[in-house]
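Shown next: target.cif, containing mmCIF, C-alpha atoms and all ligand atoms.
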data_protein
#
loop_
_atom_site.label_atom_id
_atom_site.label_comp_id
_atom_site.auth_asym_id
_atom_site.auth_seq_id
_atom_site.Cartn_x
_atom_site.Cartn_y
_atom_site.Cartn_z
CA MET A 1488 -84.79 -23.93 -71.33
CA GLN A 1489 -81.92 -24.27 -68.91
CA ARG A 1490 -78.91 -26.13 -70.32
CA ILE A 1491 -76.60 -28.28 -68.24
CA GLN A 1492 -73.17 -27.85 -69.78
CA THR A 1493 -70.96 -30.89 -69.85
CA GLY A 1494 -67.83 -28.75 -70.06
CA ILE A 1495 -66.44 -31.20 -72.59
CA PRO A 1496 -65.01 -29.22 -75.49
CA GLY A 1497 -67.04 -29.84 -78.62
CA LEU A 1498 -69.75 -31.91 -76.95
CA ASP A 1499 -71.75 -28.90 -75.73
CA ASP A 1500 -71.78 -27.64 -79.32
CA MET A 1501 -73.16 -30.98 -80.48
CA LEU A 1502 -75.77 -30.68 -77.71
CA HIS A 1503 -76.58 -27.12 -78.76
CA GLY A 1504 -75.53 -25.82 -75.38
CA GLY A 1505 -75.62 -28.83 -73.08
CA PHE A 1506 -78.08 -31.38 -71.76
CA PRO A 1507 -81.59 -30.04 -71.27
CA GLU A 1508 -82.00 -29.88 -67.49
CA ARG A 1509 -83.47 -32.79 -65.52
CA LYS A 1510 -82.93 -35.26 -68.33
CA THR A 1511 -81.49 -38.73 -67.92
CA ILE A 1512 -78.91 -39.68 -70.52
CA LEU A 1513 -77.75 -43.19 -71.32
CA LEU A 1514 -74.01 -43.16 -72.09
CA ALA A 1515 -73.33 -46.40 -73.91
CA GLY A 1516 -70.11 -47.98 -75.15
CA GLY A 1517 -67.74 -50.89 -74.92
CA ALA A 1518 -64.95 -51.32 -72.37
CA GLY A 1519 -62.36 -48.55 -72.52
CA THR A 1520 -64.41 -46.21 -74.70
CA GLY A 1521 -64.20 -43.41 -72.12
CA LYS A 1522 -67.55 -43.62 -70.35
CA SER A 1523 -66.20 -43.20 -66.83
CA ILE A 1524 -63.77 -40.46 -67.84
CA LEU A 1525 -66.48 -38.49 -69.68
CA SER A 1526 -68.84 -38.82 -66.72
CA THR A 1527 -66.18 -37.74 -64.24
CA GLN A 1528 -65.40 -34.72 -66.40
CA PHE A 1529 -69.13 -33.83 -66.43
CA LEU A 1530 -69.26 -33.93 -62.63
CA ILE A 1531 -66.03 -31.98 -62.15
CA TYR A 1532 -67.09 -29.24 -64.55
CA GLY A 1533 -70.35 -28.91 -62.65
CA ALA A 1534 -68.74 -28.91 -59.22
CA GLU A 1535 -66.27 -26.24 -60.26
CA ASN A 1536 -69.11 -24.11 -61.60
CA GLY A 1537 -71.62 -24.22 -58.77
CA GLU A 1538 -73.44 -27.46 -59.60
CA ASN A 1539 -72.47 -30.25 -57.25
CA GLY A 1540 -72.63 -33.91 -58.13
CA VAL A 1541 -73.05 -37.48 -56.96
CA TYR A 1542 -71.11 -40.40 -58.47
CA VAL A 1543 -72.71 -43.79 -57.83
CA THR A 1544 -70.16 -46.48 -58.50
CA PHE A 1545 -70.75 -50.21 -58.89
CA ASN A 1546 -67.59 -51.33 -60.64
CA GLU A 1547 -64.60 -49.35 -59.42
CA THR A 1548 -64.01 -48.02 -55.94
CA PRO A 1549 -64.05 -44.22 -55.51
CA GLU A 1550 -60.30 -44.50 -54.84
CA GLU A 1551 -59.79 -46.25 -58.18
CA ILE A 1552 -61.76 -43.61 -60.05
CA ILE A 1553 -59.70 -40.87 -58.42
CA GLU A 1554 -56.51 -42.78 -59.25
CA ASN A 1555 -57.50 -43.44 -62.88
CA THR A 1556 -58.19 -39.78 -63.56
CA LYS A 1557 -55.13 -38.37 -61.73
CA ALA A 1558 -53.19 -38.15 -65.00
CA PHE A 1559 -55.58 -35.44 -66.24
CA GLY A 1560 -54.62 -33.12 -63.39
CA TRP A 1561 -58.21 -32.73 -62.25
CA SER A 1562 -59.26 -31.63 -58.78
CA LEU A 1563 -61.48 -34.67 -58.14
CA GLU A 1564 -59.92 -35.59 -54.81
CA LYS A 1565 -60.26 -32.04 -53.51
CA LEU A 1566 -63.85 -31.81 -54.73
CA THR A 1567 -64.69 -34.98 -52.80
CA GLU A 1568 -63.00 -33.67 -49.67
CA THR A 1569 -65.21 -30.58 -49.80
CA ASN A 1570 -68.28 -32.73 -50.64
CA LYS A 1571 -68.83 -30.96 -53.94
CA ILE A 1572 -68.72 -34.42 -55.43
CA ILE A 1573 -69.97 -37.27 -53.25
CA PHE A 1574 -69.31 -40.90 -54.11
CA VAL A 1575 -71.97 -43.48 -53.33
CA ASP A 1576 -70.06 -46.73 -53.17
CA ALA A 1577 -72.42 -49.46 -54.35
CA LEU A 1578 -69.82 -52.17 -54.92
CA PRO A 1579 -70.83 -55.60 -53.68
CA ARG A 1580 -67.61 -56.32 -51.82
CA ASP A 1581 -67.95 -59.07 -49.31
CA GLU A 1582 -70.58 -61.28 -47.84
CA TYR A 1583 -71.55 -58.86 -45.14
CA ARG A 1584 -72.25 -56.17 -47.68
CA ILE A 1585 -74.07 -58.55 -49.95
CA ILE A 1586 -76.44 -59.34 -47.11
CA GLU A 1587 -76.72 -55.71 -46.16
CA ARG A 1588 -77.05 -54.15 -49.59
CA GLY A 1589 -77.72 -56.49 -52.36
CA PRO A 1590 -78.89 -58.06 -54.49
CA TYR A 1591 -81.29 -55.24 -53.83
CA ASP A 1592 -84.60 -54.12 -54.44
CA LEU A 1593 -83.91 -50.57 -55.46
CA SER A 1594 -85.21 -48.75 -52.40
CA GLY A 1595 -82.09 -49.09 -50.25
CA LEU A 1596 -79.88 -47.71 -52.97
CA LEU A 1597 -82.31 -44.93 -53.82
CA THR A 1598 -82.27 -43.80 -50.21
CA ARG A 1599 -78.48 -43.64 -50.22
CA ILE A 1600 -78.46 -41.68 -53.50
CA GLU A 1601 -81.11 -39.27 -52.23
CA THR A 1602 -79.23 -38.69 -49.00
CA ALA A 1603 -76.09 -37.81 -50.95
CA ILE A 1604 -77.99 -35.52 -53.34
CA LYS A 1605 -79.59 -33.64 -50.46
CA LYS A 1606 -76.32 -33.41 -48.56
CA ASN A 1607 -74.59 -31.29 -51.22
CA ASN A 1608 -77.65 -30.11 -53.15
CA SER A 1609 -76.53 -32.01 -56.25
CA LYS A 1610 -77.70 -31.10 -59.71
CA ARG A 1611 -75.71 -33.84 -61.48
CA VAL A 1612 -75.70 -37.59 -60.97
CA VAL A 1613 -73.65 -40.35 -62.58
CA LEU A 1614 -74.56 -44.02 -62.29
CA ASP A 1615 -71.58 -46.19 -63.24
CA SER A 1616 -73.13 -48.40 -64.40
CA VAL A 1617 -76.83 -49.01 -64.87
CA THR A 1618 -75.79 -52.37 -66.35
CA SER A 1619 -74.28 -53.38 -63.02
CA LEU A 1620 -77.27 -51.99 -61.15
CA ILE A 1621 -79.64 -54.15 -63.16
CA MET A 1622 -77.38 -57.14 -62.66
CA SER A 1623 -77.65 -56.65 -58.92
CA LEU A 1624 -81.43 -56.36 -58.92
CA GLN A 1625 -83.13 -59.47 -57.71
CA ARG A 1626 -86.38 -59.16 -59.57
CA LYS A 1627 -85.58 -58.86 -63.25
CA GLU A 1628 -89.26 -58.79 -64.21
CA VAL A 1629 -89.63 -55.33 -62.71
CA VAL A 1630 -86.40 -53.83 -64.01
CA ARG A 1631 -88.18 -51.38 -66.27
CA ARG A 1632 -90.41 -50.21 -63.44
CA ASP A 1633 -87.41 -49.87 -61.13
CA LEU A 1634 -85.46 -47.84 -63.70
CA ASN A 1635 -88.48 -45.61 -64.25
CA THR A 1636 -88.71 -45.07 -60.51
CA LEU A 1637 -85.02 -44.19 -60.34
CA CYS A 1638 -85.12 -41.75 -63.28
CA GLY A 1639 -88.35 -40.16 -62.03
CA ARG A 1640 -86.87 -39.64 -58.58
CA LEU A 1641 -83.73 -38.03 -60.00
CA LYS A 1642 -85.90 -35.59 -61.97
CA GLN A 1643 -87.96 -34.75 -58.89
CA LEU A 1644 -84.70 -34.01 -57.12
CA ASP A 1645 -83.84 -31.58 -59.94
CA CYS A 1646 -80.92 -33.65 -61.19
CA THR A 1647 -79.55 -34.24 -64.66
CA ALA A 1648 -78.14 -37.75 -64.83
CA ILE A 1649 -75.77 -39.89 -66.88
CA LEU A 1650 -76.54 -43.60 -66.74
CA ILE A 1651 -73.64 -45.63 -68.06
CA SER A 1652 -74.46 -48.63 -70.24
CA GLU A 1653 -71.71 -51.21 -70.70
CA LEU A 1654 -71.78 -52.89 -74.08
CA PRO A 1655 -70.06 -56.14 -74.95
CA GLU A 1656 -67.66 -56.09 -77.93
CA GLY A 1657 -69.60 -56.06 -81.19
CA ALA A 1658 -72.93 -55.28 -79.57
CA ILE A 1659 -75.73 -54.18 -81.85
CA GLY A 1660 -78.05 -52.42 -79.40
CA VAL A 1661 -77.28 -49.71 -76.86
CA SER A 1662 -77.93 -51.70 -73.69
CA ARG A 1663 -77.51 -55.14 -72.18
CA TYR A 1664 -81.09 -55.71 -71.09
CA GLY A 1665 -82.92 -53.85 -73.85
CA VAL A 1666 -85.01 -51.78 -71.44
CA GLU A 1667 -82.50 -49.08 -70.49
CA GLU A 1668 -82.92 -47.05 -73.69
CA PHE A 1669 -86.68 -46.78 -73.25
CA VAL A 1670 -86.45 -45.27 -69.81
CA VAL A 1671 -84.01 -42.45 -70.58
CA ASP A 1672 -84.46 -39.11 -72.36
CA GLY A 1673 -81.25 -39.25 -74.33
CA ILE A 1674 -78.66 -41.66 -75.66
CA ILE A 1675 -74.99 -40.95 -76.35
CA LEU A 1676 -72.82 -43.64 -77.92
CA LEU A 1677 -69.05 -43.99 -77.66
CA PHE A 1678 -67.03 -46.04 -80.15
CA PHE A 1679 -63.42 -47.16 -80.31
CA ARG A 1680 -63.13 -48.51 -83.83
CA GLU A 1681 -60.36 -49.67 -86.07
CA PHE A 1682 -60.05 -47.92 -89.44
CA GLU A 1683 -57.23 -49.15 -91.67
CA MET A 1684 -55.19 -50.44 -88.72
CA VAL A 1685 -55.71 -47.25 -86.70
CA ARG A 1686 -58.09 -47.06 -83.76
CA ARG A 1687 -60.25 -44.00 -83.55
CA ARG A 1688 -62.67 -42.79 -80.92
CA LEU A 1689 -66.06 -41.53 -82.01
CA ILE A 1690 -69.07 -40.06 -80.25
CA GLU A 1691 -72.68 -39.84 -81.40
CA ILE A 1692 -75.84 -38.34 -79.94
CA ARG A 1693 -78.44 -40.92 -80.84
CA LYS A 1694 -81.48 -39.46 -79.11
CA LEU A 1695 -82.28 -36.39 -77.05
CA ARG A 1696 -85.83 -35.67 -76.02
CA GLY A 1697 -86.84 -32.03 -76.04
CA SER A 1698 -83.82 -30.68 -77.89
CA ASP A 1699 -82.21 -30.34 -81.25
CA HIS A 1700 -78.69 -31.71 -81.58
CA THR A 1701 -75.97 -32.48 -84.08
CA ILE A 1702 -76.46 -35.73 -85.95
CA GLY A 1703 -73.72 -38.19 -86.82
CA LYS A 1704 -70.52 -39.62 -85.38
CA PHE A 1705 -67.71 -37.22 -84.51
CA PRO A 1706 -64.07 -37.78 -83.62
CA MET A 1707 -63.28 -37.80 -79.92
CA GLU A 1708 -59.91 -37.86 -78.20
CA ILE A 1709 -58.73 -38.55 -74.70
CA THR A 1710 -56.00 -35.96 -74.24
CA ASP A 1711 -53.77 -35.08 -71.28
CA ASN A 1712 -56.56 -32.75 -70.12
CA GLY A 1713 -59.42 -35.17 -70.65
CA ILE A 1714 -61.97 -35.72 -73.37
CA VAL A 1715 -62.20 -33.44 -76.39
CA VAL A 1716 -64.77 -33.78 -79.18
CA ARG A 1717 -63.97 -32.36 -82.59
CA PRO A 1718 -67.17 -31.64 -84.46
CA ILE A 1719 -66.48 -31.15 -88.13
CA ALA A 1720 -67.79 -27.78 -89.22
N1 LIG A 1801 -54.28 -40.15 -69.30
C1 LIG A 1801 -54.83 -40.71 -70.37
N2 LIG A 1801 -54.53 -40.26 -71.60
C2 LIG A 1801 -55.09 -40.81 -72.70
N3 LIG A 1801 -55.96 -41.82 -72.66
C3 LIG A 1801 -56.29 -42.32 -71.46
C4 LIG A 1801 -55.76 -41.79 -70.26
N4 LIG A 1801 -56.28 -42.48 -69.22
C5 LIG A 1801 -57.10 -43.40 -69.77
N5 LIG A 1801 -57.13 -43.30 -71.10
C6 LIG A 1801 -57.92 -44.12 -72.03
O1 LIG A 1801 -59.22 -44.22 -71.49
C7 LIG A 1801 -59.60 -45.57 -71.39
C8 LIG A 1801 -60.43 -45.82 -70.13
O2 LIG A 1801 -61.51 -44.91 -70.11
P1 LIG A 1801 -62.74 -45.23 -69.17
O3 LIG A 1801 -63.55 -44.01 -69.11
O4 LIG A 1801 -62.27 -45.79 -67.88
O5 LIG A 1801 -63.46 -46.36 -70.03
P2 LIG A 1801 -64.88 -47.04 -69.76
O6 LIG A 1801 -65.68 -46.73 -70.97
O7 LIG A 1801 -64.57 -48.51 -69.68
O8 LIG A 1801 -65.43 -46.49 -68.50
C9 LIG A 1801 -58.33 -46.36 -71.34
O9 LIG A 1801 -58.52 -47.65 -71.90
C10 LIG A 1801 -57.38 -45.52 -72.18
O10 LIG A 1801 -57.49 -45.88 -73.54
MG MG A 1802 -65.87 -47.35 -66.65
#
Since I need it in another form, could you write the structure as C-alpha cells?
Amino acid sequence: MQRIQTGIPGLDDMLHGGFPERKTILLAGGAGTGKSILSTQFLIYGAENGENGVYVTFNETPEEIIENTKAFGWSLEKLTETNKIIFVDALPRDEYRIIERGPYDLSGLLTRIETAIKKNNSKRVVLDSVTSLIMSLQRKEVVRRDLNTLCGRLKQLDCTAILISELPEGAIGVSRYGVEEFVVDGIILLFFREFEMVRRRLIEIRKLRGSDHTIGKFPMEITDNGIVVRPIA
C-alpha cells in the first residue's frame, strides 16, 4: 500500500509510514490547537516532494494563512506562485459572492475544487473547515450525502484529504454536526489541555481504516519550524 507521508516529525511513525493513499482524514480540535498549521505543513511537505496540493479555505483568506505561517520559514508563498499549492478561496465575503457562491449546494464548490486539482495534478487536499462548509450548505438534511459525494470525488481524483473539524471548547464528540466522522476513513484529534497549570498539546489517532497505527495521546509541539510530535518509545 502506498503511504502519503505527512512530513510531520513523529506523526508518520504514529501512522506507520503516513496516511494510506486516497483516504479522507478528519482533523478535529478546538480553536488554536494547530489544525491549520498541521494541514499547511502536510501540503508543503507534499509540494516539495512531488505531490502538489489544494487548500480550500472557508475561514481565513489565503493571504492570512500565508501570513500566519511565515514565522516557520516555510516556502508557502513560493509554492503558491508556482501553483504547486493552489488555494480555493471559499470565504463568503460580501453580498455579491453570497449570491454567486453560497449558501451552496455542493456542486459549485466541487467544480472549483476539481478544477484546481486538475490544474496542478494534486494528490493532497485540505478543507479548512468542513464545519464551515456544512454551515454554508443550504439543505442540512442531505449533509451526509453531500459529504459522501465530496469524499468519493476526492478519492476518484486520487487525492488524500484532510477535512478540518472545528470543535467548541469542552466538546465531547469529534464534530459539530455528528455526521462528519461517519463519512471519513480516519480521525485525528488535537488537544490543548491544562495539566497542573501548564498547557500541553496532544495528538491522537482515533481511527484509521485500512491501517494499523499507534494508539493513545502523544505530546505535540509547535516549534519555530512547525509541528513536531514526540511519540514515547
Ligand atoms: N510561530 C509559532 N510558534 C509557536 N506556536 C505558534 C506559532 N504560530 C502559531 N502558533 C500557535 O498555533 C496556534 C494557531 O494554530 P492554528 O493551526 O491556526 O489553529 P487552529 O486549530 O485554530 O487552526 C496559535 O494559537 C499558537 O498557539
Ligand atoms: Mg484554523
Completion exercise
Correct to one decimal, the distance atom C5 of ligand LIG 1801 (chain A)-CA of Asp1615 in chain A is 16.1 Å
Sort by chain and increasing residue number a table of all residues of range 1539-1578 of chain A within 10 Å of range 1693-1711 of chain A, each with its closest pair of atoms and their distance in Å to one decimal, counting only C-alpha atoms, and write it as a Markdown table.
| residue | atom | partner | partner_atom | distance |
| --- | --- | --- | --- | --- |
| A:Ala1558 | CA | A:Asp1711 | CA | 7.0 |
| A:Phe1559 | CA | A:Asp1711 | CA | 5.4 |
| A:Gly1560 | CA | A:Asp1711 | CA | 8.2 |
Exercise for the section: Using all atoms listed in the file, find the one residue out of A:Pro1507, A:Gly1517, A:Gly1713, A:Gly1639 that sits nearest to ligand MG 1802 (chain A). Expected result: A:Gly1517
Practice task
May I ask for the distance between CA of Ala1658 in chain A and atom O5 of ligand LIG 1801 (chain A), given in Å to one decimal place?
Solution key: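 Computing it gives 16.1 Å between the two atoms.
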Practice task
Name the closest residue to Ile1552 in chain A among the candidates A:Ile1524, A:Leu1498, A:Ala1577, A:Leu1566; distances are taken between atoms, counting only C-alpha atoms.
Solution key: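 Looking at the shortest contact to Ile1552 in chain A, the residue is A:Ile1524.
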Exercise for the section: Counting all atoms listed in the file, figure out which residue out of A:Tyr1532, A:Phe1574, A:Phe1678, A:Phe1506 gets nearest to ligand LIG 1801 (chain A). Expected result: A:Phe1678
Exercise for the section: Pick out the closest residue to Arg1663 in chain A from this set: A:Ala1515, A:Leu1597, A:Met1684, A:Leu1644. Count only C-alpha atoms. Expected result: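 Closest candidate: A:Ala1515.
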Practice task
Mind listing whatever residues come within 12 Å of the point (-67.0, -40.1, -67.6)? Use all atoms listed in the file, file coordinates, and give them as a PyMOL selection string.
Solution key: chain A and resi 1493-1495+1513-1516+1519-1532+1542-1544+1552-1553+1555-1556+1612-1616+1648-1652+1675+1677+1709+1713-1714
Handout entry: Residue among A:Leu1578, A:Ile1604, A:Ala1534, A:Ile1512 lying closest to Val1661 in chain A, counting only C-alpha atoms
Key = A:Ile1512
Adding 6 Å on each side of the box along x, y and z that holds all listed atoms of ligand LIG 1801 (chain A), could you give its centre and edge lengths in Å to one decimal, as JSON?
{"center_x": -60.0, "center_y": -44.3, "center_z": -70.7, "size_x": 23.4, "size_y": 20.4, "size_z": 17.7}
Problem - Which residue of A:Arg1509, A:Gly1665, A:Leu1620, A:Asn1546 approaches Arg1640 in chain A most closely, using all atoms listed in the file - result: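 Looking only at the distances to Arg1640 in chain A, the closest residue turns out to be A:Arg1509.
The space between CA of Ile1674 in chain A and CA of Ser1594 in chain A spans 25.2 Å.
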Practice task
Would you mind listing what lies within 7 Å of Thr1511 in chain A as an NGL selection string, with all atoms listed in the file counted and same-chain residues fewer than 5 positions away left out?
Solution key: :A and (1638 or 1647-1649 or 1671-1673)
Quick one: everything within 7 Å of Asp1645 in chain A, counting only C-alpha atoms, minus sequence neighbours fewer than 3 positions away in the same chain. Send it as an mmCIF file with C-alpha atoms, in the frame of the given file.
data_model
loop_
_atom_site.group_PDB
_atom_site.id
_atom_site.type_symbol
_atom_site.label_atom_id
_atom_site.label_comp_id
_atom_site.auth_asym_id
_atom_site.auth_seq_id
_atom_site.Cartn_x
_atom_site.Cartn_y
_atom_site.Cartn_z
ATOM 1 C CA ARG A 1509 -83.470 -32.790 -65.520
ATOM 2 C CA LYS A 1610 -77.700 -31.100 -59.710
ATOM 3 C CA LEU A 1641 -83.730 -38.030 -60.000
ATOM 4 C CA LYS A 1642 -85.900 -35.590 -61.970
#
